[in-house]
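Colleague: Once you've had a glance at the structure underneath, I'll fire off some questions.
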Amino acid sequence: MAAEYKLTYDEIRERQAIPYEIKLRMSLNRVRDFINYYGESSVAICFSGGVDSTMAVHFIRNYCGYDKVKALSVIGIENKYNIDLIKKTENVDIVKVRYSQKEIIEKFGVPIISKRVSKSLRALQNPTEKDANIRNLALTGITSEGRKAPTYKLAKKWHFLIDAPFKISNQCCYYMKETPLEKYAKEKGYGTISAITAEESKNRMDGYAKQGSCNVFKGNGYSTPFAFWTHQDILRYLYENQVEISEAYGEIVEENGIYRTTKAQRTGRPVCLFGMQFDGYPNRFQRMYYEDHRQWKNALVGMGLKDVLDFMVKNGHPEYKYYPEEIEEKIKTGKLHPEI
């Protein structure tokens, strides 16, 4: 691995394989170190209403005993069930955003597939001298230093998106979540704690490998005390501690030592297209059709995502359909008129 990496992937995987009971103590110690350094009133938890951050809020306030630690939420980008959970949670500051998601899409482009793929497509759609290295890496998997990095190469199955009739960008999270939270925390003088795990993505794995530790004692400070946890660890904690979760996930059940949610496995932002290829049936829009029909229609028509999803389906990706199968069948047979 590159010299700037303080941990190897194997070392991270070894930490992920540590028994759950030991991880609890490890994270407890990391939280204590961070809060003892900055002070309980000068630390805040990033809280989206998803299972990861829900676990973090409960762990820090109940398991660690820091019940006065504030939570920070950007509710403009979450689904209604996550927002309901955020609103009923005590001591939460709601952080405002500069742009609406519609404005982000219009100004920068649609977030699709993943952050990394969207970043590559953005550069390939808008070639400049400044992004030449990004474009070369996306097309060849070779860095500017001549090092092979095949995981950064854009998969051929997504090349059709280079010529898509819409802009693609990875900027949504930056403007809708990361920047508002960072700016608010800086203004208030909070050190922030995040429930980010290395397991989530290659980017998260790289971030943890470069950082080398969970706590950063620099400036306002930043802590990822669960970086080495797995999704199973998070679900187990919530299950064993009977923590209320967003209705979007249904319930957490355990079968032969494996934990899962009965509805959505991940929620994210309901009108974000990152990871939609892994949703299965029903996908996020097919669920939204029934769960929040107003938002479904606004996303497809108001934000223009209908054209994006139609383009994906037309190019051989039926997993991007937005009508539930039974509704689509009624439309095909003339029993129901298309709404959009």
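Chain labels follow the order of the structure tokens: the first chain is A, the next B, and so on; residue numbering restarts at 1 in every chain, and ligands are counted from 1 in their shown order.
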Mind checking DSSP for region 43-82 of chain A and telling me the helix (DSSP H, G or I) residues as a ChimeraX atom specification?

Modeller: /A:51-63,75-77,80-82

Colleague: Could you dump the residues just selected with N, CA, C and O atoms as a PDB file, in the first residue's frame?

Modeller:
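What landed in again-v1.pdb:
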```pdb
ATOM      1  N   VAL A  51     -29.557   3.330  10.921  1.00  0.00           N
ATOM      2  CA  VAL A  51     -29.210   2.407  12.008  1.00  0.00           C
ATOM      3  C   VAL A  51     -27.820   2.677  12.572  1.00  0.00           C
ATOM      4  O   VAL A  51     -27.600   2.539  13.789  1.00  0.00           O
ATOM      5  N   ASP A  52     -26.860   3.051  11.725  1.00  0.00           N
ATOM      6  CA  ASP A  52     -25.502   3.283  12.217  1.00  0.00           C
ATOM      7  C   ASP A  52     -25.472   4.428  13.230  1.00  0.00           C
ATOM      8  O   ASP A  52     -24.943   4.290  14.333  1.00  0.00           O
ATOM      9  N   SER A  53     -26.009   5.573  12.837  1.00  0.00           N
ATOM     10  CA  SER A  53     -25.951   6.732  13.733  1.00  0.00           C
ATOM     11  C   SER A  53     -26.905   6.573  14.919  1.00  0.00           C
ATOM     12  O   SER A  53     -26.653   7.124  15.996  1.00  0.00           O
ATOM     13  N   THR A  54     -27.989   5.813  14.745  1.00  0.00           N
ATOM     14  CA  THR A  54     -28.889   5.531  15.869  1.00  0.00           C
ATOM     15  C   THR A  54     -28.145   4.730  16.932  1.00  0.00           C
ATOM     16  O   THR A  54     -28.264   4.984  18.135  1.00  0.00           O
ATOM     17  N   MET A  55     -27.379   3.750  16.479  1.00  0.00           N
ATOM     18  CA  MET A  55     -26.554   2.976  17.394  1.00  0.00           C
ATOM     19  C   MET A  55     -25.560   3.879  18.109  1.00  0.00           C
ATOM     20  O   MET A  55     -25.362   3.788  19.323  1.00  0.00           O
ATOM     21  N   ALA A  56     -24.912   4.792  17.355  1.00  0.00           N
ATOM     22  CA  ALA A  56     -23.899   5.667  17.935  1.00  0.00           C
ATOM     23  C   ALA A  56     -24.481   6.552  19.028  1.00  0.00           C
ATOM     24  O   ALA A  56     -23.875   6.726  20.093  1.00  0.00           O
ATOM     25  N   VAL A  57     -25.657   7.127  18.773  1.00  0.00           N
ATOM     26  CA  VAL A  57     -26.296   7.994  19.767  1.00  0.00           C
ATOM     27  C   VAL A  57     -26.586   7.207  21.045  1.00  0.00           C
ATOM     28  O   VAL A  57     -26.286   7.664  22.155  1.00  0.00           O
ATOM     29  N   HIS A  58     -27.155   6.012  20.894  1.00  0.00           N
ATOM     30  CA  HIS A  58     -27.476   5.208  22.070  1.00  0.00           C
ATOM     31  C   HIS A  58     -26.203   4.763  22.789  1.00  0.00           C
ATOM     32  O   HIS A  58     -26.116   4.808  24.027  1.00  0.00           O
ATOM     33  N   PHE A  59     -25.223   4.320  22.039  1.00  0.00           N
ATOM     34  CA  PHE A  59     -23.967   3.833  22.633  1.00  0.00           C
ATOM     35  C   PHE A  59     -23.301   4.927  23.464  1.00  0.00           C
ATOM     36  O   PHE A  59     -22.876   4.687  24.603  1.00  0.00           O
ATOM     37  N   ILE A  60     -23.203   6.128  22.916  1.00  0.00           N
ATOM     38  CA  ILE A  60     -22.504   7.219  23.597  1.00  0.00           C
ATOM     39  C   ILE A  60     -23.309   7.740  24.786  1.00  0.00           C
ATOM     40  O   ILE A  60     -22.751   7.989  25.863  1.00  0.00           O
ATOM     41  N   ARG A  61     -24.614   7.856  24.606  1.00  0.00           N
ATOM     42  CA  ARG A  61     -25.431   8.415  25.685  1.00  0.00           C
ATOM     43  C   ARG A  61     -25.781   7.396  26.766  1.00  0.00           C
ATOM     44  O   ARG A  61     -25.866   7.749  27.951  1.00  0.00           O
ATOM     45  N   ASN A  62     -25.995   6.135  26.361  1.00  0.00           N
ATOM     46  CA  ASN A  62     -26.445   5.135  27.329  1.00  0.00           C
ATOM     47  C   ASN A  62     -25.335   4.183  27.767  1.00  0.00           C
ATOM     48  O   ASN A  62     -25.113   3.992  28.975  1.00  0.00           O
ATOM     49  N   TYR A  63     -24.645   3.578  26.804  1.00  0.00           N
ATOM     50  CA  TYR A  63     -23.604   2.613  27.148  1.00  0.00           C
ATOM     51  C   TYR A  63     -22.399   3.305  27.793  1.00  0.00           C
ATOM     52  O   TYR A  63     -21.838   2.823  28.781  1.00  0.00           O
ATOM     53  N   ILE A  75     -32.023  17.222   8.259  1.00  0.00           N
ATOM     54  CA  ILE A  75     -33.230  16.440   7.960  1.00  0.00           C
ATOM     55  C   ILE A  75     -33.751  16.637   6.546  1.00  0.00           C
ATOM     56  O   ILE A  75     -34.596  15.871   6.088  1.00  0.00           O
ATOM     57  N   GLY A  76     -33.247  17.636   5.837  1.00  0.00           N
ATOM     58  CA  GLY A  76     -33.760  17.905   4.498  1.00  0.00           C
ATOM     59  C   GLY A  76     -33.459  16.820   3.491  1.00  0.00           C
ATOM     60  O   GLY A  76     -34.025  16.812   2.397  1.00  0.00           O
ATOM     61  N   ILE A  77     -32.570  15.886   3.840  1.00  0.00           N
ATOM     62  CA  ILE A  77     -32.167  14.863   2.880  1.00  0.00           C
ATOM     63  C   ILE A  77     -32.577  13.463   3.311  1.00  0.00           C
ATOM     64  O   ILE A  77     -32.276  12.491   2.625  1.00  0.00           O
ATOM     65  N   LYS A  80     -38.898  10.197   5.479  1.00  0.00           N
ATOM     66  CA  LYS A  80     -39.805  10.699   6.515  1.00  0.00           C
ATOM     67  C   LYS A  80     -39.721   9.883   7.797  1.00  0.00           C
ATOM     68  O   LYS A  80     -39.909  10.418   8.898  1.00  0.00           O
ATOM     69  N   TYR A  81     -39.412   8.585   7.691  1.00  0.00           N
ATOM     70  CA  TYR A  81     -39.326   7.754   8.894  1.00  0.00           C
ATOM     71  C   TYR A  81     -38.084   8.105   9.704  1.00  0.00           C
ATOM     72  O   TYR A  81     -38.120   8.142  10.941  1.00  0.00           O
ATOM     73  N   ASN A  82     -36.984   8.349   9.025  1.00  0.00           N
ATOM     74  CA  ASN A  82     -35.777   8.780   9.725  1.00  0.00           C
ATOM     75  C   ASN A  82     -35.993  10.136  10.386  1.00  0.00           C
ATOM     76  O   ASN A  82     -35.535  10.376  11.500  1.00  0.00           O
TER      77      ASN A  82
END
```

Colleague: Can you check which parts of region 195-218 of chain A lie within 12 Å of region 95-114 of chain A? Per residue, the shortest pair of atoms and distance in Å to one decimal, counting only C-alpha atoms, sorted by chain and number, as CSV.

Modeller:
```
residue,atom,partner,partner_atom,distance
A:Glu200,CA,A:Ser114,CA,11.5
A:Ser201,CA,A:Ser114,CA,9.4
A:Lys202,CA,A:Ser114,CA,10.5
A:Asn203,CA,A:Ser114,CA,10.3
```

Colleague: Using only C-alpha atoms, find each residue in region 156-260 of chain A having at least one atom no more than 12 Å away from region 35-39 of chain A; report its shortest atom-to-atom pair and that distance in Å (one decimal), rows by chain then rising number, as JSON lines.

Modeller:
```
{"residue": "A:Gly189", "atom": "CA", "partner": "A:Tyr38", "partner_atom": "CA", "distance": 9.8}
{"residue": "A:Tyr190", "atom": "CA", "partner": "A:Tyr38", "partner_atom": "CA", "distance": 8.4}
{"residue": "A:Gly191", "atom": "CA", "partner": "A:Tyr38", "partner_atom": "CA", "distance": 7.0}
{"residue": "A:Thr192", "atom": "CA", "partner": "A:Ile35", "partner_atom": "CA", "distance": 9.8}
{"residue": "A:Ile193", "atom": "CA", "partner": "A:Ile35", "partner_atom": "CA", "distance": 9.5}
{"residue": "A:Asn215", "atom": "CA", "partner": "A:Ile35", "partner_atom": "CA", "distance": 10.3}
{"residue": "A:Val216", "atom": "CA", "partner": "A:Tyr37", "partner_atom": "CA", "distance": 10.8}
{"residue": "A:Phe217", "atom": "CA", "partner": "A:Tyr37", "partner_atom": "CA", "distance": 8.2}
{"residue": "A:Lys218", "atom": "CA", "partner": "A:Tyr38", "partner_atom": "CA", "distance": 10.5}
{"residue": "A:Gly219", "atom": "CA", "partner": "A:Tyr38", "partner_atom": "CA", "distance": 10.2}
{"residue": "A:Asn220", "atom": "CA", "partner": "A:Tyr38", "partner_atom": "CA", "distance": 8.1}
{"residue": "A:Gly221", "atom": "CA", "partner": "A:Tyr38", "partner_atom": "CA", "distance": 8.0}
{"residue": "A:Tyr222", "atom": "CA", "partner": "A:Tyr38", "partner_atom": "CA", "distance": 10.4}
{"residue": "A:Ser223", "atom": "CA", "partner": "A:Ile35", "partner_atom": "CA", "distance": 9.6}
{"residue": "A:Pro225", "atom": "CA", "partner": "A:Ile35", "partner_atom": "CA", "distance": 11.4}
```

Colleague: Next, write the just-selected residues to a file, as a PDB file, in the first residue's frame, keeping N, CA, C and O atoms as the atom set.

Modeller:
```pdb
ATOM      1  N   GLY A 189     -18.042  25.143  17.779  1.00  0.00           N
ATOM      2  CA  GLY A 189     -16.891  24.636  18.504  1.00  0.00           C
ATOM      3  C   GLY A 189     -17.012  23.193  18.944  1.00  0.00           C
ATOM      4  O   GLY A 189     -16.429  22.794  19.966  1.00  0.00           O
ATOM      5  N   TYR A 190     -17.758  22.372  18.171  1.00  0.00           N
ATOM      6  CA  TYR A 190     -17.942  20.967  18.528  1.00  0.00           C
ATOM      7  C   TYR A 190     -16.890  20.074  17.875  1.00  0.00           C
ATOM      8  O   TYR A 190     -16.578  20.222  16.695  1.00  0.00           O
ATOM      9  N   GLY A 191     -16.374  19.136  18.652  1.00  0.00           N
ATOM     10  CA  GLY A 191     -15.669  18.016  18.073  1.00  0.00           C
ATOM     11  C   GLY A 191     -16.744  17.025  17.668  1.00  0.00           C
ATOM     12  O   GLY A 191     -17.736  16.869  18.389  1.00  0.00           O
ATOM     13  N   THR A 192     -16.628  16.382  16.532  1.00  0.00           N
ATOM     14  CA  THR A 192     -17.716  15.524  16.045  1.00  0.00           C
ATOM     15  C   THR A 192     -17.372  14.040  16.124  1.00  0.00           C
ATOM     16  O   THR A 192     -16.228  13.634  15.934  1.00  0.00           O
ATOM     17  N   ILE A 193     -18.410  13.266  16.407  1.00  0.00           N
ATOM     18  CA  ILE A 193     -18.306  11.813  16.435  1.00  0.00           C
ATOM     19  C   ILE A 193     -19.206  11.263  15.346  1.00  0.00           C
ATOM     20  O   ILE A 193     -20.379  11.639  15.244  1.00  0.00           O
ATOM     21  N   ASN A 215      -9.514   8.328  16.615  1.00  0.00           N
ATOM     22  CA  ASN A 215      -9.606   9.690  17.129  1.00  0.00           C
ATOM     23  C   ASN A 215      -8.554  10.607  16.521  1.00  0.00           C
ATOM     24  O   ASN A 215      -7.380  10.238  16.417  1.00  0.00           O
ATOM     25  N   VAL A 216      -8.992  11.787  16.122  1.00  0.00           N
ATOM     26  CA  VAL A 216      -8.085  12.814  15.619  1.00  0.00           C
ATOM     27  C   VAL A 216      -8.171  14.001  16.575  1.00  0.00           C
ATOM     28  O   VAL A 216      -9.202  14.675  16.650  1.00  0.00           O
ATOM     29  N   PHE A 217      -7.108  14.262  17.332  1.00  0.00           N
ATOM     30  CA  PHE A 217      -7.072  15.355  18.292  1.00  0.00           C
ATOM     31  C   PHE A 217      -6.374  16.556  17.658  1.00  0.00           C
ATOM     32  O   PHE A 217      -5.259  16.925  18.007  1.00  0.00           O
ATOM     33  N   LYS A 218      -7.051  17.153  16.718  1.00  0.00           N
ATOM     34  CA  LYS A 218      -6.516  18.298  15.996  1.00  0.00           C
ATOM     35  C   LYS A 218      -7.650  19.264  15.710  1.00  0.00           C
ATOM     36  O   LYS A 218      -8.706  18.855  15.222  1.00  0.00           O
ATOM     37  N   GLY A 219      -7.470  20.531  16.037  1.00  0.00           N
ATOM     38  CA  GLY A 219      -8.551  21.479  15.863  1.00  0.00           C
ATOM     39  C   GLY A 219      -9.741  21.107  16.721  1.00  0.00           C
ATOM     40  O   GLY A 219      -9.598  20.760  17.902  1.00  0.00           O
ATOM     41  N   ASN A 220     -10.929  21.155  16.114  1.00  0.00           N
ATOM     42  CA  ASN A 220     -12.124  20.773  16.856  1.00  0.00           C
ATOM     43  C   ASN A 220     -12.176  19.278  17.153  1.00  0.00           C
ATOM     44  O   ASN A 220     -12.889  18.831  18.042  1.00  0.00           O
ATOM     45  N   GLY A 221     -11.429  18.501  16.375  1.00  0.00           N
ATOM     46  CA  GLY A 221     -11.374  17.063  16.618  1.00  0.00           C
ATOM     47  C   GLY A 221     -12.437  16.294  15.851  1.00  0.00           C
ATOM     48  O   GLY A 221     -13.499  16.825  15.486  1.00  0.00           O
ATOM     49  N   TYR A 222     -12.114  15.029  15.588  1.00  0.00           N
ATOM     50  CA  TYR A 222     -13.009  14.162  14.818  1.00  0.00           C
ATOM     51  C   TYR A 222     -12.810  12.726  15.287  1.00  0.00           C
ATOM     52  O   TYR A 222     -11.671  12.276  15.457  1.00  0.00           O
ATOM     53  N   SER A 223     -13.907  12.019  15.526  1.00  0.00           N
ATOM     54  CA  SER A 223     -13.803  10.653  16.033  1.00  0.00           C
ATOM     55  C   SER A 223     -14.699   9.699  15.256  1.00  0.00           C
ATOM     56  O   SER A 223     -15.856  10.019  14.957  1.00  0.00           O
ATOM     57  N   PRO A 225     -15.273   6.149  16.343  1.00  0.00           N
ATOM     58  CA  PRO A 225     -14.989   5.065  17.292  1.00  0.00           C
ATOM     59  C   PRO A 225     -15.524   3.697  16.893  1.00  0.00           C
ATOM     60  O   PRO A 225     -15.225   2.693  17.554  1.00  0.00           O
TER      61      PRO A 225
END
```

Colleague: Given the choices A:Ser246, A:Asn126, A:Ala198, A:Thr143, which gets closest to Thr224 (chain A) if the distance is worked out from only C-alpha atoms?

Modeller: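 Selected residue with least distance to Thr224 (chain A): A:Ala198.
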
Colleague: Residues of region 206-267 of chain A that approach region 287-311 of chain A to 12 Å or less, counting only C-alpha atoms: could you list each one with the shortest pair of atoms and its distance in Å to one decimal, rows by chain and increasing residue number, as JSON lines?

Modeller:
```
{"residue": "A:Glu247", "atom": "CA", "partner": "A:Glu291", "partner_atom": "CA", "distance": 10.6}
{"residue": "A:Ala248", "atom": "CA", "partner": "A:Glu291", "partner_atom": "CA", "distance": 9.0}
{"residue": "A:Tyr249", "atom": "CA", "partner": "A:Arg287", "partner_atom": "CA", "distance": 11.6}
{"residue": "A:Lys263", "atom": "CA", "partner": "A:Arg287", "partner_atom": "CA", "distance": 9.6}
{"residue": "A:Ala264", "atom": "CA", "partner": "A:Arg287", "partner_atom": "CA", "distance": 9.1}
{"residue": "A:Thr267", "atom": "CA", "partner": "A:Arg287", "partner_atom": "CA", "distance": 11.2}
```

Colleague: Could you name the residues that touch Glu21 (chain A) at 12 Å or less, counting only C-alpha atoms, but leaving out those on the same chain fewer than 6 positions away, as JSON, numbers by chain?

Modeller: {"A": [27, 28, 229, 233, 236, 237]}

Colleague: Using the chain letters and numbers from this document, which residues of region 52-206 of chain A does DSSP assign to strand (DSSP E), as a ChimeraX atom specification?

Modeller: /A:70-73,92-94,112-113,191-193

Colleague: Hey, what's within 8 Å of region 4-12 of chain A if we count only C-alpha atoms and toss same-chain stuff fewer than 4 positions away? As a list in words, please?

Modeller: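 Within the cut-off, the hits are Gln16, Met205, Asp206, Tyr208, Ala209, Lys210, Gln211, Gly212 and Phe228 of chain A.
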
Colleague: Wanna dump the region 180-242 of chain A-region 67-73 of chain A contacts at 9 Å for me, each residue with its shortest atom pair and the distance in Å to one decimal, counting only C-alpha atoms, ordered by chain and number, as a Markdown table?

Modeller:
```
| residue | atom | partner | partner_atom | distance |
| --- | --- | --- | --- | --- |
| A:Leu181 | CA | A:Leu72 | CA | 7.3 |
| A:Tyr184 | CA | A:Leu72 | CA | 8.8 |
| A:Ala185 | CA | A:Leu72 | CA | 8.5 |
```

Colleague: Quick one: residues within 10 Å of Glu339 (chain A), only C-alpha atoms counted, chain neighbours fewer than 3 positions away excluded, as an mmCIF file with N, CA, C and O atoms, in the first residue's frame?

Modeller:
```
data_model
loop_
_atom_site.group_PDB
_atom_site.id
_atom_site.type_symbol
_atom_site.label_atom_id
_atom_site.label_comp_id
_atom_site.auth_asym_id
_atom_site.auth_seq_id
_atom_site.Cartn_x
_atom_site.Cartn_y
_atom_site.Cartn_z
ATOM 1 N N LYS A 297 -43.402 11.234 -6.333
ATOM 2 C CA LYS A 297 -43.753 12.044 -7.491
ATOM 3 C C LYS A 297 -42.852 13.269 -7.607
ATOM 4 O O LYS A 297 -42.445 13.658 -8.717
ATOM 5 N N TYR A 323 -41.928 2.005 -10.787
ATOM 6 C CA TYR A 323 -43.265 1.534 -10.435
ATOM 7 C C TYR A 323 -43.158 0.144 -9.812
ATOM 8 O O TYR A 323 -42.389 -0.702 -10.295
ATOM 9 N N ILE A 331 -50.653 -0.835 -15.643
ATOM 10 C CA ILE A 331 -50.430 0.186 -16.674
ATOM 11 C C ILE A 331 -50.302 -0.478 -18.041
ATOM 12 O O ILE A 331 -50.870 -0.013 -19.037
ATOM 13 N N LEU A 336 -54.739 0.945 -15.605
ATOM 14 C CA LEU A 336 -54.320 2.117 -14.853
ATOM 15 C C LEU A 336 -53.514 3.018 -15.786
ATOM 16 O O LEU A 336 -52.729 2.542 -16.588
#
```

Colleague: Return the single residue from A:Arg122, A:Ser194, A:Ile83, A:Glu145 that is closest to Val43 (chain A), with distances computed using only C-alpha atoms.

Modeller: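 Closest candidate: A:Ser194.
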
Colleague: Nearest to Glu254 (chain A): which of A:Val271, A:Leu124, A:Leu235, A:Met312 is it, counting only C-alpha atoms?

Modeller: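 Of all the options, A:Leu235 lies closest to Glu254 (chain A).
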
Colleague: In Å to one decimal, how far is CA of Thr230 (chain A) from CA of Cys46 (chain A)?

Modeller: 18.3 Å

Colleague: From the options A:Val92, A:Leu139, A:Val31, A:Cys172, which residue's atoms come nearest to Phe226 (chain A), counting only C-alpha atoms?

Modeller: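 Ranking A:Val92, A:Leu139, A:Val31, A:Cys172 by distance to Phe226 (chain A), first place goes to A:Val31.
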